[in-house]
file my_file.csv (CSV, C-alpha atoms and all ligand atoms)
chain,number,residue,atom,x,y,z
A,1,MET,CA,6.9,-7.7,29.8
A,2,THR,CA,9.7,-5.2,28.9
A,3,ILE,CA,10.4,-4.8,25.2
A,4,ILE,CA,13.4,-3.0,23.8
A,5,VAL,CA,12.4,-1.5,20.4
A,6,THR,CA,15.4,-0.1,18.4
A,7,GLY,CA,14.8,2.4,15.6
A,8,GLY,CA,11.6,3.5,17.3
A,9,ALA,CA,11.9,7.1,16.1
A,10,GLY,CA,11.7,6.0,12.5
A,11,PHE,CA,8.7,5.1,10.3
A,12,ILE,CA,7.8,1.5,11.2
A,13,GLY,CA,9.3,1.5,14.7
A,14,SER,CA,7.3,4.4,15.8
A,15,ASN,CA,4.1,2.9,14.4
A,16,PHE,CA,5.0,-0.3,16.3
A,17,ILE,CA,5.5,1.5,19.6
A,18,TYR,CA,2.1,3.2,19.3
A,19,TYR,CA,0.5,-0.2,18.4
A,20,GLN,CA,2.2,-1.9,21.4
A,21,LEU,CA,1.2,0.8,23.9
A,22,ARG,CA,-2.4,0.7,22.6
A,23,GLU,CA,-2.8,-3.1,22.4
A,24,HIS,CA,-0.6,-4.1,25.4
A,25,PRO,CA,-0.7,-1.2,27.9
A,26,GLN,CA,0.6,-3.5,30.6
A,27,ASP,CA,4.0,-3.9,28.8
A,28,ARG,CA,6.9,-1.5,29.1
A,29,ILE,CA,8.6,-0.2,26.0
A,30,ILE,CA,12.2,1.0,25.9
A,31,CYS,CA,13.1,2.8,22.6
A,32,LEU,CA,16.7,2.9,21.6
A,33,ASP,CA,17.4,5.2,18.6
A,34,SER,CA,20.5,7.2,17.7
A,35,LEU,CA,18.3,9.8,15.8
A,36,THR,CA,20.0,9.7,12.4
A,37,TYR,CA,18.5,11.9,9.7
A,38,ALA,CA,15.6,9.4,9.6
A,39,GLY,CA,14.8,9.5,13.3
A,40,ASN,CA,12.4,12.1,14.5
A,41,LEU,CA,11.8,12.6,18.2
A,42,SER,CA,8.7,14.8,17.5
A,43,THR,CA,7.0,11.6,16.3
A,44,LEU,CA,7.3,10.2,19.9
A,45,GLU,CA,6.5,13.4,21.6
A,46,PRO,CA,3.0,12.5,22.7
A,47,ILE,CA,4.2,9.5,24.7
A,48,MET,CA,7.5,10.8,26.1
A,49,LYS,CA,6.1,11.1,29.6
A,50,GLU,CA,4.1,7.9,29.7
A,51,ARG,CA,5.1,5.8,32.7
A,52,ASN,CA,5.5,2.6,30.6
A,53,PHE,CA,7.7,4.2,27.9
A,54,ARG,CA,11.4,5.3,28.0
A,55,PHE,CA,13.4,6.8,25.2
A,56,GLU,CA,17.2,6.6,25.1
A,57,LYS,CA,19.4,8.1,22.4
A,58,ILE,CA,21.7,5.2,21.8
A,59,ASP,CA,23.5,3.9,18.8
A,60,ILE,CA,23.0,0.1,18.5
A,61,THR,CA,26.7,-0.3,17.5
A,62,ASP,CA,27.7,1.2,20.9
A,63,ARG,CA,28.3,-2.0,22.8
A,64,LYS,CA,28.8,-0.3,26.2
A,65,ALA,CA,25.7,1.8,26.0
A,66,VAL,CA,23.6,-1.1,24.8
A,67,HIS,CA,24.8,-3.4,27.6
A,68,GLN,CA,24.1,-0.7,30.2
A,69,ILE,CA,20.5,-0.4,29.2
A,70,PHE,CA,20.0,-4.2,29.2
A,71,GLU,CA,21.5,-4.3,32.7
A,72,GLU,CA,19.1,-1.5,33.9
A,73,GLU,CA,15.9,-2.7,32.2
A,74,GLU,CA,16.3,-6.5,32.1
A,75,PRO,CA,14.2,-6.8,28.9
A,76,GLN,CA,12.5,-10.1,27.9
A,77,VAL,CA,12.1,-9.2,24.2
A,78,VAL,CA,14.1,-7.1,21.7
A,79,VAL,CA,12.6,-6.0,18.3
A,80,ASN,CA,15.3,-4.6,16.0
A,81,PHE,CA,14.0,-2.0,13.6
A,82,ALA,CA,17.1,0.2,13.7
A,83,ALA,CA,18.7,0.3,10.3
A,84,GLU,CA,19.8,2.5,7.4
A,85,SER,CA,16.8,1.8,5.2
A,86,HIS,CA,17.0,3.7,2.0
A,87,VAL,CA,18.2,1.9,-1.1
A,88,ASP,CA,19.3,5.1,-3.0
A,89,ARG,CA,21.4,6.2,-0.1
A,90,SER,CA,23.1,2.8,0.1
A,91,ILE,CA,24.1,3.1,-3.6
A,92,GLU,CA,25.7,6.5,-2.8
A,93,ASP,CA,27.5,5.4,0.4
A,94,PRO,CA,27.3,1.7,1.5
A,95,GLU,CA,29.6,1.8,4.6
A,96,VAL,CA,27.1,3.1,7.2
A,97,PHE,CA,24.7,0.4,6.1
A,98,LEU,CA,27.2,-2.3,7.0
A,99,ARG,CA,28.0,-0.7,10.3
A,100,THR,CA,24.4,-0.2,11.5
A,101,ASN,CA,22.6,-3.1,9.8
A,102,VAL,CA,25.2,-5.8,10.3
A,103,LEU,CA,27.5,-4.8,13.2
A,104,GLY,CA,24.5,-3.2,15.1
A,105,THR,CA,22.6,-6.5,14.8
A,106,ALA,CA,25.6,-8.4,16.2
A,107,VAL,CA,26.0,-6.0,19.1
A,108,LEU,CA,22.3,-6.4,20.0
A,109,MET,CA,22.4,-10.1,19.8
A,110,ASP,CA,25.6,-10.3,22.0
A,111,ALA,CA,23.7,-8.3,24.6
A,112,CYS,CA,20.8,-10.7,24.3
A,113,ARG,CA,23.1,-13.6,24.9
A,114,LYS,CA,24.8,-12.0,27.9
A,115,PHE,CA,21.7,-10.9,29.7
A,116,GLY,CA,19.4,-13.8,28.5
A,117,ILE,CA,16.3,-12.8,26.7
A,118,LYS,CA,13.2,-14.8,25.7
A,119,ARG,CA,13.1,-13.4,22.1
A,120,TYR,CA,15.2,-11.5,19.7
A,121,HIS,CA,13.2,-10.4,16.7
A,122,GLN,CA,14.9,-9.1,13.5
A,123,VAL,CA,12.8,-6.9,11.3
A,124,SER,CA,14.1,-7.8,7.8
A,125,THR,CA,12.8,-7.2,4.3
A,126,ASP,CA,11.6,-9.0,1.1
A,127,GLU,CA,14.5,-7.3,-0.7
A,128,VAL,CA,16.8,-10.1,0.6
A,129,TYR,CA,15.2,-12.3,-2.1
A,130,GLY,CA,16.2,-10.0,-5.0
A,131,ASP,CA,13.6,-9.4,-7.6
A,132,LEU,CA,11.1,-11.3,-9.8
A,133,PRO,CA,10.5,-10.8,-13.5
A,134,LEU,CA,7.4,-8.8,-14.7
A,135,ASP,CA,6.4,-11.5,-17.1
A,136,ARG,CA,6.0,-14.2,-14.4
A,137,PRO,CA,3.0,-13.1,-12.3
A,138,ASP,CA,2.8,-16.7,-11.0
A,139,LEU,CA,6.1,-16.3,-9.0
A,140,PHE,CA,6.2,-15.1,-5.4
A,141,PHE,CA,8.8,-15.0,-2.6
A,142,THR,CA,8.4,-17.8,-0.1
A,143,GLU,CA,10.5,-18.3,3.0
A,144,GLU,CA,12.4,-20.9,0.9
A,145,THR,CA,13.3,-18.5,-1.9
A,146,PRO,CA,17.1,-18.3,-2.0
A,147,ILE,CA,18.7,-15.0,-0.8
A,148,HIS,CA,19.9,-13.1,-3.9
A,149,THR,CA,20.5,-9.4,-3.2
A,150,SER,CA,20.8,-6.4,-5.5
A,151,SER,CA,21.8,-3.3,-3.6
A,152,PRO,CA,24.2,-2.6,-0.7
A,153,TYR,CA,21.1,-2.1,1.4
A,154,SER,CA,19.6,-5.5,0.7
A,155,ALA,CA,23.0,-7.1,1.0
A,156,SER,CA,23.4,-5.6,4.5
A,157,LYS,CA,20.0,-6.8,5.5
A,158,ALA,CA,20.6,-10.3,4.2
A,159,SER,CA,24.0,-10.4,6.0
A,160,ALA,CA,22.2,-9.5,9.2
A,161,ASP,CA,19.6,-12.3,8.6
A,162,LEU,CA,22.4,-14.8,8.2
A,163,LEU,CA,24.0,-13.7,11.4
A,164,VAL,CA,20.7,-14.0,13.2
A,165,GLN,CA,20.3,-17.6,12.0
A,166,ALA,CA,23.9,-18.3,12.9
A,167,TYR,CA,23.4,-17.0,16.5
A,168,HIS,CA,20.3,-19.3,16.8
A,169,ARG,CA,22.2,-22.4,15.6
A,170,THR,CA,25.5,-21.7,17.4
A,171,TYR,CA,24.4,-20.1,20.7
A,172,ASP,CA,20.7,-21.3,20.8
A,173,LEU,CA,19.6,-17.6,20.8
A,174,PRO,CA,15.8,-17.6,20.6
A,175,VAL,CA,15.3,-15.6,17.4
A,176,THR,CA,12.6,-14.9,14.8
A,177,ILE,CA,12.9,-13.0,11.5
A,178,SER,CA,10.1,-11.3,9.5
A,179,ARG,CA,10.6,-10.3,5.9
A,180,CYS,CA,8.0,-7.7,4.9
A,181,SER,CA,7.2,-6.0,1.6
A,182,ASN,CA,6.9,-2.2,1.1
A,183,ASN,CA,5.1,-0.4,3.9
A,184,TYR,CA,3.2,2.9,3.7
A,185,GLY,CA,1.3,5.1,6.2
A,186,PRO,CA,1.9,7.8,8.8
A,187,TYR,CA,5.4,9.0,9.7
A,188,HIS,CA,6.9,7.7,6.5
A,189,PHE,CA,10.1,9.7,5.7
A,190,PRO,CA,9.6,11.8,2.6
A,191,GLU,CA,12.6,10.3,0.7
A,192,LYS,CA,10.6,7.2,0.0
A,193,LEU,CA,8.2,6.9,-3.0
A,194,ILE,CA,4.7,7.5,-1.5
A,195,PRO,CA,5.5,10.3,0.9
A,196,LEU,CA,7.9,11.9,-1.5
A,197,MET,CA,5.2,12.0,-4.2
A,198,ILE,CA,2.6,13.3,-1.8
A,199,ALA,CA,4.9,16.1,-0.5
A,200,ASN,CA,6.0,17.1,-4.0
A,201,ALA,CA,2.5,17.1,-5.4
A,202,LEU,CA,1.3,19.3,-2.5
A,203,GLN,CA,4.1,21.8,-3.4
A,204,ASP,CA,3.3,21.5,-7.2
A,205,LYS,CA,6.9,20.2,-7.7
A,206,PRO,CA,7.9,17.6,-10.4
A,207,LEU,CA,7.1,13.9,-9.5
A,208,PRO,CA,10.4,12.0,-10.3
A,209,VAL,CA,9.6,8.5,-11.6
A,210,TYR,CA,12.6,6.3,-12.0
A,211,GLY,CA,13.1,4.6,-15.5
A,212,THR,CA,9.8,3.6,-17.1
A,213,GLY,CA,7.8,3.5,-13.8
A,214,GLU,CA,6.9,-0.2,-14.5
A,215,ASN,CA,8.7,-1.6,-11.5
A,216,VAL,CA,6.3,-3.3,-9.1
A,217,ARG,CA,6.2,-3.2,-5.3
A,218,ASP,CA,3.8,-5.1,-3.0
A,219,TRP,CA,2.4,-2.4,-0.6
A,220,LEU,CA,1.2,-3.1,3.0
A,221,TYR,CA,-0.3,-0.6,5.4
A,222,VAL,CA,2.2,-0.1,8.2
A,223,GLU,CA,-0.3,-1.1,11.0
A,224,ASP,CA,-0.7,-4.5,9.4
A,225,HIS,CA,3.1,-5.0,9.5
A,226,CYS,CA,3.0,-4.0,13.2
A,227,LYS,CA,0.3,-6.5,13.9
A,228,ALA,CA,2.3,-9.3,12.2
A,229,ILE,CA,5.4,-8.5,14.3
A,230,ASP,CA,3.3,-8.4,17.5
A,231,LEU,CA,2.0,-11.9,16.6
A,232,ILE,CA,5.4,-13.3,15.8
A,233,ILE,CA,7.0,-12.1,19.1
A,234,ARG,CA,4.2,-13.5,21.1
A,235,GLU,CA,3.1,-16.7,19.2
A,236,GLY,CA,5.7,-17.3,16.5
A,237,THR,CA,8.1,-20.3,16.6
A,238,VAL,CA,11.7,-19.7,17.6
A,239,GLY,CA,14.2,-20.1,14.8
A,240,GLU,CA,11.5,-19.4,12.1
A,241,ILE,CA,11.3,-16.8,9.3
A,242,TYR,CA,7.9,-15.3,8.4
A,243,ASN,CA,7.2,-13.5,5.2
A,244,VAL,CA,4.7,-10.6,5.6
A,245,GLY,CA,2.8,-9.1,2.7
A,246,GLY,CA,-0.8,-8.5,1.5
A,247,HIS,CA,-0.8,-9.4,-2.2
A,248,ASN,CA,-1.1,-5.8,-3.2
A,249,GLU,CA,1.2,-5.4,-6.2
A,250,MET,CA,1.2,-2.1,-8.0
A,251,ALA,CA,3.4,-0.5,-10.6
A,252,ASN,CA,5.1,2.7,-9.4
A,253,ILE,CA,3.6,4.8,-12.2
A,254,ASP,CA,0.1,3.7,-11.1
A,255,ILE,CA,0.8,4.7,-7.5
A,256,VAL,CA,2.0,8.2,-8.6
A,257,LYS,CA,-1.1,8.7,-10.8
A,258,LEU,CA,-3.4,7.6,-7.9
A,259,ILE,CA,-1.7,10.2,-5.6
A,260,CYS,CA,-2.3,12.9,-8.3
A,261,LYS,CA,-5.9,11.9,-8.4
A,262,GLU,CA,-6.3,11.8,-4.6
A,263,LEU,CA,-4.8,15.3,-4.3
A,264,GLY,CA,-6.5,16.7,-7.4
A,265,LYS,CA,-3.1,17.5,-9.0
A,266,PRO,CA,-2.4,17.2,-12.8
A,267,GLU,CA,-0.4,14.1,-14.1
A,268,SER,CA,1.7,16.6,-16.1
A,269,LEU,CA,3.7,16.9,-12.8
A,270,ILE,CA,5.1,13.4,-13.5
A,271,THR,CA,8.7,13.5,-14.8
A,272,TYR,CA,10.6,10.4,-15.9
A,273,VAL,CA,14.2,10.5,-14.5
A,274,THR,CA,17.3,8.3,-14.8
A,275,ASP,CA,16.7,4.9,-13.4
A,276,ARG,CA,18.1,3.6,-10.0
A,277,LYS,CA,21.2,1.6,-10.5
A,278,GLY,CA,20.5,-2.2,-10.3
A,279,HIS,CA,16.8,-1.3,-9.9
A,280,ASP,CA,14.8,-4.4,-8.7
A,281,MET,CA,11.9,-5.1,-11.1
A,282,ARG,CA,9.2,-6.7,-9.0
A,283,TYR,CA,8.6,-7.8,-5.4
A,284,ALA,CA,5.7,-10.1,-4.4
A,285,ILE,CA,5.3,-11.9,-1.1
A,286,ASP,CA,3.6,-15.2,-0.5
A,287,PRO,CA,2.2,-14.8,3.1
A,288,THR,CA,0.8,-18.3,3.3
A,289,LYS,CA,3.0,-19.4,6.3
A,290,ILE,CA,2.1,-16.5,8.6
A,291,HIS,CA,-1.5,-16.9,7.7
A,292,ASN,CA,-1.6,-20.6,8.3
A,293,GLU,CA,0.5,-20.6,11.5
A,294,LEU,CA,-0.5,-17.4,13.2
A,295,GLY,CA,-3.8,-16.5,11.5
A,296,TRP,CA,-2.4,-13.1,10.2
A,297,LEU,CA,-4.2,-11.4,7.5
A,298,PRO,CA,-3.9,-7.7,6.4
A,299,GLN,CA,-6.9,-5.6,7.6
A,300,THR,CA,-6.4,-2.4,5.5
A,301,LYS,CA,-7.3,-2.5,1.8
A,302,PHE,CA,-5.0,-0.4,-0.3
A,303,GLU,CA,-7.8,1.9,-1.5
A,304,ASP,CA,-8.5,2.8,2.1
A,305,GLY,CA,-4.9,2.9,3.3
A,306,ILE,CA,-3.8,5.3,0.6
A,307,LYS,CA,-6.7,7.7,1.4
A,308,LYS,CA,-5.8,7.5,5.1
A,309,THR,CA,-2.2,8.2,4.3
A,310,VAL,CA,-2.8,11.1,2.0
A,311,GLN,CA,-5.2,12.6,4.7
A,312,TRP,CA,-2.5,12.1,7.3
A,313,TYR,CA,0.1,14.1,5.3
A,314,LEU,CA,-2.5,16.8,4.7
A,315,GLU,CA,-3.2,17.0,8.4
A,316,HIS,CA,0.5,16.8,9.5
A,317,ARG,CA,2.1,19.4,7.3
A,318,THR,CA,4.4,20.6,10.0
A,319,TRP,CA,5.8,17.1,10.6
A,320,TRP,CA,7.0,16.7,7.0
A,321,GLU,CA,7.6,20.4,6.2
A,322,THR,CA,10.1,20.6,9.0
A,323,ILE,CA,12.0,17.6,7.6
A,324,ILE,CA,12.2,18.8,4.0
A,325,SER,CA,13.2,22.3,5.1
A,326,GLY,CA,16.4,21.1,6.8
A,327,GLU,CA,19.4,19.0,5.7
A,328,TYR,CA,17.1,17.0,3.5
A,329,GLN,CA,17.3,19.8,0.9
A,330,ASN,CA,21.0,19.0,0.3
A,331,TYR,CA,20.1,15.3,-0.2
A,332,TYR,CA,17.3,16.2,-2.6
A,333,GLU,CA,19.5,18.4,-4.7
A,334,LYS,CA,22.2,15.7,-4.8
A,335,MET,CA,19.9,12.9,-5.8
A,336,TYR,CA,17.4,14.7,-8.1
A,337,GLY,CA,19.2,18.0,-9.2
A,338,ASN,CA,20.8,16.7,-12.4
A,339,ARG,CA,18.9,13.4,-12.7
A,401,LIG,P1,13.5,4.4,8.9
A,401,LIG,O1,14.7,4.8,8.1
A,401,LIG,O2,12.3,5.3,8.8
A,401,LIG,O3,13.9,4.4,10.5
A,401,LIG,C1,15.1,3.9,10.9
A,401,LIG,C2,15.3,4.3,12.4
A,401,LIG,O4,16.5,3.7,12.9
A,401,LIG,C3,15.5,5.8,12.5
A,401,LIG,O5,14.8,6.3,13.6
A,401,LIG,C4,17.0,6.0,12.8
A,401,LIG,O6,17.3,7.1,13.6
A,401,LIG,C5,17.3,4.7,13.6
A,401,LIG,N1,18.7,4.3,13.4
A,401,LIG,C6,19.5,4.2,12.3
A,401,LIG,N2,20.7,3.8,12.6
A,401,LIG,C7,20.8,3.6,14.0
A,401,LIG,C8,21.8,3.2,14.9
A,401,LIG,N3,23.0,2.9,14.4
A,401,LIG,N4,21.4,3.0,16.2
A,401,LIG,C9,20.2,3.3,16.6
A,401,LIG,N5,19.2,3.8,15.8
A,401,LIG,C10,19.5,3.9,14.5
A,401,LIG,O7,13.3,2.9,8.6
A,401,LIG,P2,11.9,2.1,8.5
A,401,LIG,O8,11.3,2.3,7.1
A,401,LIG,O9,11.0,2.4,9.6
A,401,LIG,O10,12.4,0.6,8.6
A,401,LIG,C11,12.5,0.0,9.8
A,401,LIG,C12,13.0,-1.4,9.6
A,401,LIG,O11,12.1,-2.2,8.8
A,401,LIG,C13,14.4,-1.5,8.9
A,401,LIG,O12,15.2,-2.5,9.5
A,401,LIG,C14,14.0,-1.8,7.5
A,401,LIG,O13,15.1,-2.6,6.9
A,401,LIG,C15,12.8,-2.7,7.7
A,401,LIG,N6,11.8,-2.7,6.6
A,401,LIG,C16,11.3,-1.5,6.1
A,401,LIG,C17,10.3,-1.6,5.1
A,401,LIG,C18,9.7,-0.3,4.6
A,401,LIG,O14,8.9,-0.4,3.6
A,401,LIG,N7,10.0,0.9,5.1
A,401,LIG,C19,9.8,-2.8,4.7
A,401,LIG,C20,10.4,-4.0,5.2
A,401,LIG,C21,11.3,-3.9,6.2
A,402,LIG,O1,10.4,-4.0,0.0
A,402,LIG,C1,10.8,-3.5,1.3
A,402,LIG,C2,11.7,-2.3,1.1
A,402,LIG,O2,10.9,-1.2,0.6
A,402,LIG,C3,12.4,-1.9,2.4
A,402,LIG,O3,13.2,-2.9,2.8
A,402,LIG,C4,13.1,-0.6,2.3
A,402,LIG,O4,13.6,-0.1,3.5
A,402,LIG,C5,12.2,0.5,1.8
A,402,LIG,O5,12.8,1.7,1.6
A,402,LIG,C6,11.5,0.0,0.5
A,402,LIG,O6,12.5,0.0,-0.6
A,402,LIG,P1,12.1,0.4,-2.1
A,402,LIG,O7,13.4,0.7,-2.8
A,402,LIG,O8,11.2,-0.5,-2.7
A,402,LIG,O9,11.3,1.8,-1.7
A,402,LIG,P2,11.4,3.3,-2.3
A,402,LIG,O10,10.2,4.0,-1.7
A,402,LIG,O11,12.7,3.9,-2.2
A,402,LIG,O12,11.0,3.1,-3.9
A,402,LIG,C7,9.8,2.4,-4.3
A,402,LIG,C8,9.9,2.3,-5.8
A,402,LIG,O13,9.7,3.6,-6.3
A,402,LIG,C9,11.2,1.8,-6.4
A,402,LIG,O14,10.9,1.0,-7.5
A,402,LIG,C10,11.9,3.1,-6.8
A,402,LIG,C11,10.8,4.0,-7.1
A,402,LIG,N1,11.1,5.5,-6.9
A,402,LIG,C12,11.5,5.8,-5.7
A,402,LIG,C13,11.7,7.2,-5.4
A,402,LIG,C14,12.2,7.6,-4.0
A,402,LIG,C15,10.8,6.4,-7.9
A,402,LIG,O15,10.4,6.0,-9.0
A,402,LIG,N2,11.1,7.7,-7.6
A,402,LIG,C16,11.5,8.1,-6.4
A,402,LIG,O16,11.8,9.4,-6.3
call {"tool": "encode", "arguments": {"input": "my_file.csv", "output": "structure tokens"}}
result
Amino acid sequence: MTIIVTGGAGFIGSNFIYYQLREHPQDRIICLDSLTYAGNLSTLEPIMKERNFRFEKIDITDRKAVHQIFEEEEPQVVVNFAAESHVDRSIEDPEVFLRTNVLGTAVLMDACRKFGIKRYHQVSTDEVYGDLPLDRPDLFFTEETPIHTSSPYSASKASADLLVQAYHRTYDLPVTISRCSNNYGPYHFPEKLIPLMIANALQDKPLPVYGTGENVRDWLYVEDHCKAIDLIIREGTVGEIYNVGGHNEMANIDIVKLICKELGKPESLITYVTDRKGHDMRYAIDPTKIHNELGWLPQTKFEDGIKKTVQWYLEHRTWWETIISGEYQNYYEKMYGNR
């Protein structure tokens, strides 16, 4: 089987490629990535010369380039990870989120229609459901929860999901959608909470917690997300949405304190800063459907996953130090300088 993986030089896409090559070495993976600030070719360096792997620097909104690769490779499956993924950046500058996340999805699906594929899989997010209140721990996002977005990022992801469902109904495109909670693990770009706090703590820099730090996220080790997508593309039912999450809700402040503990750094590094605009309070996934239909369950407990992650950042300093020494410094100054 030939699988096109878009956004494979980013965090989850790269973990998915490594997972596929390990679990299904008979399959061929074609990675399309335009290498935005979030794409890092050094992540894929070890597999660049593998005979069942090909990398192409392609923007998913570039219809001609996308069609050409479909013509050459005749893929059976497309898994779309490519996206602008950071909520804070979407608040500063929404336009590129619409272009990549919405238009890019349409371009890929048009190619899927033209060349005929067995499956188009859209990697979506629990953020399309909006947020839940802190005082209702009995509430969870199910696949039936109405879409109710908060940020330009989540609105762009929800728009893409609606388009995917429309292509299924109108053109009979064989699609699936997964909506996952917050991932953590290796190759996570250091603008996101967990890697940013690890990198800052290792440099004895302030740890900027937004608002009160009470906001809750439902954390899942990235490999468990990759396993879920793998099951969905191979055994999932066409036309269906699957929520992915491991019932691991934690307040941001508790995560940051845990990282300080793991690294032996003082909590006095924690600095409360101006809250994110429109900040979602709580995310919590109900994964009953994927468990009942596909037998998926997360394998990595948070206590183990966070230790593995911290260890990975300790052992791969060059990977993240290279990132934070470049253009990222301007971003950091803009977002946190006067916060
Ligand atoms: P990321 O920002 O780390 O990586 C995104 C990748 O997409 C980068 O390699 C980037 O170069 C590439 N890309 C961006 N625009 C492109 C374009 N126009 N054409 C081709 N490539 C392009 O993102 P991530 O955290 O790995 O997220 C991957 C997907 O999973 C996204 O669709 C995101 O919405 C979704 N998701 C992420 C999480 C999470 O916790 N990180 C949770 C649920 C869902
Ligand atoms: O839920 C899935 C989503 O998780 C994905 O769809 C997004 O692509 C991914 O970026 C992530 O979104 P979040 O906004 O939840 O992740 P982020 O790491 O940016 O922030 C997590 C929480 O930590 C959030 O409540 C904001 C807070 N935060 C974040 C940063 C970067 C801070 O308090 N300080 C920070 O410096």
call {"tool": "residues_near_ligand", "arguments": {"input": "my_file.csv", "ligand": "ligand LIG 401 (chain A)", "cutoff": "7 Å", "atoms": "all atoms listed in the file", "output": "PyMOL selection string"}}
result
chain A and resi 6-13+32-40+58-61+80-86+100+104+123-126+157+179-184+188-189
call {"tool": "closest_residue", "arguments": {"input": "my_file.csv", "among": "A:Ile290, A:Ala199, A:Val310, A:Val102", "to": "Ser325 (chain A)", "atoms": "all atoms listed in the file"}}
result
A:Ala199
call {"tool": "atom_distance", "arguments": {"input": "my_file.csv", "atom1": "CA of Pro206 (chain A)", "atom2": "atom P1 of ligand LIG 402 (chain A)"}}
result
19.6 Å
call {"tool": "residues_near_ligand", "arguments": {"input": "my_file.csv", "ligand": "ligand LIG 402 (chain A)", "cutoff": "8 Å", "atoms": "all atoms listed in the file", "output": "VMD selection string"}}
result
chain A and resid 84 to 88 124 to 127 154 180 to 183 191 to 194 196 to 197 207 to 211 213 215 to 218 252 to 253 275 to 276 279 to 281 283 336
call {"tool": "write_last_selection", "arguments": {"input": "my_file.csv", "atoms": "C-alpha atoms", "output": "PDB file, in the coordinates of the input"}}
result
ATOM      1  CA  GLU A  84      19.800   2.500   7.400  1.00  0.00           C
ATOM      2  CA  SER A  85      16.800   1.800   5.200  1.00  0.00           C
ATOM      3  CA  HIS A  86      17.000   3.700   2.000  1.00  0.00           C
ATOM      4  CA  VAL A  87      18.200   1.900  -1.100  1.00  0.00           C
ATOM      5  CA  ASP A  88      19.300   5.100  -3.000  1.00  0.00           C
ATOM      6  CA  SER A 124      14.100  -7.800   7.800  1.00  0.00           C
ATOM      7  CA  THR A 125      12.800  -7.200   4.300  1.00  0.00           C
ATOM      8  CA  ASP A 126      11.600  -9.000   1.100  1.00  0.00           C
ATOM      9  CA  GLU A 127      14.500  -7.300  -0.700  1.00  0.00           C
ATOM     10  CA  SER A 154      19.600  -5.500   0.700  1.00  0.00           C
ATOM     11  CA  CYS A 180       8.000  -7.700   4.900  1.00  0.00           C
ATOM     12  CA  SER A 181       7.200  -6.000   1.600  1.00  0.00           C
ATOM     13  CA  ASN A 182       6.900  -2.200   1.100  1.00  0.00           C
ATOM     14  CA  ASN A 183       5.100  -0.400   3.900  1.00  0.00           C
ATOM     15  CA  GLU A 191      12.600  10.300   0.700  1.00  0.00           C
ATOM     16  CA  LYS A 192      10.600   7.200   0.000  1.00  0.00           C
ATOM     17  CA  LEU A 193       8.200   6.900  -3.000  1.00  0.00           C
ATOM     18  CA  ILE A 194       4.700   7.500  -1.500  1.00  0.00           C
ATOM     19  CA  LEU A 196       7.900  11.900  -1.500  1.00  0.00           C
ATOM     20  CA  MET A 197       5.200  12.000  -4.200  1.00  0.00           C
ATOM     21  CA  LEU A 207       7.100  13.900  -9.500  1.00  0.00           C
ATOM     22  CA  PRO A 208      10.400  12.000 -10.300  1.00  0.00           C
ATOM     23  CA  VAL A 209       9.600   8.500 -11.600  1.00  0.00           C
ATOM     24  CA  TYR A 210      12.600   6.300 -12.000  1.00  0.00           C
ATOM     25  CA  GLY A 211      13.100   4.600 -15.500  1.00  0.00           C
ATOM     26  CA  GLY A 213       7.800   3.500 -13.800  1.00  0.00           C
ATOM     27  CA  ASN A 215       8.700  -1.600 -11.500  1.00  0.00           C
ATOM     28  CA  VAL A 216       6.300  -3.300  -9.100  1.00  0.00           C
ATOM     29  CA  ARG A 217       6.200  -3.200  -5.300  1.00  0.00           C
ATOM     30  CA  ASP A 218       3.800  -5.100  -3.000  1.00  0.00           C
ATOM     31  CA  ASN A 252       5.100   2.700  -9.400  1.00  0.00           C
ATOM     32  CA  ILE A 253       3.600   4.800 -12.200  1.00  0.00           C
ATOM     33  CA  ASP A 275      16.700   4.900 -13.400  1.00  0.00           C
ATOM     34  CA  ARG A 276      18.100   3.600 -10.000  1.00  0.00           C
ATOM     35  CA  HIS A 279      16.800  -1.300  -9.900  1.00  0.00           C
ATOM     36  CA  ASP A 280      14.800  -4.400  -8.700  1.00  0.00           C
ATOM     37  CA  MET A 281      11.900  -5.100 -11.100  1.00  0.00           C
ATOM     38  CA  TYR A 283       8.600  -7.800  -5.400  1.00  0.00           C
ATOM     39  CA  TYR A 336      17.400  14.700  -8.100  1.00  0.00           C
TER      40      TYR A 336
END
call {"tool": "closest_residue", "arguments": {"input": "my_file.csv", "among": "A:Trp296, A:Trp319, A:Phe55, A:Tyr242", "to": "Ile17 (chain A)", "atoms": "all atoms listed in the file"}}
result
A:Phe55
call {"tool": "closest_residue", "arguments": {"input": "my_file.csv", "among": "A:Pro152, A:Pro174, A:Pro94, A:Gly185", "to": "Ile306 (chain A)", "atoms": "only C-alpha atoms"}}
result
A:Gly185
call {"tool": "atom_distance", "arguments": {"input": "my_file.csv", "atom1": "CA of Gln329 (chain A)", "atom2": "CA of Pro190 (chain A)"}}
result
11.2 Å
call {"tool": "closest_residue", "arguments": {"input": "my_file.csv", "among": "A:Glu223, A:Pro186, A:Arg63, A:Ile91", "to": "Glu315 (chain A)", "atoms": "all atoms listed in the file"}}
result
A:Pro186
call {"tool": "closest_atom_pairs", "arguments": {"input": "my_file.csv", "of": "region 229-268 of chain A", "to": "region 112-118 of chain A", "cutoff": "12 Å", "atoms": "only C-alpha atoms", "output": "JSON lines"}}
result
{"residue": "A:Ile233", "atom": "CA", "partner": "A:Lys118", "partner_atom": "CA", "distance": 9.4}
{"residue": "A:Arg234", "atom": "CA", "partner": "A:Lys118", "partner_atom": "CA", "distance": 10.2}
{"residue": "A:Thr237", "atom": "CA", "partner": "A:Lys118", "partner_atom": "CA", "distance": 11.8}
{"residue": "A:Val238", "atom": "CA", "partner": "A:Lys118", "partner_atom": "CA", "distance": 9.6}
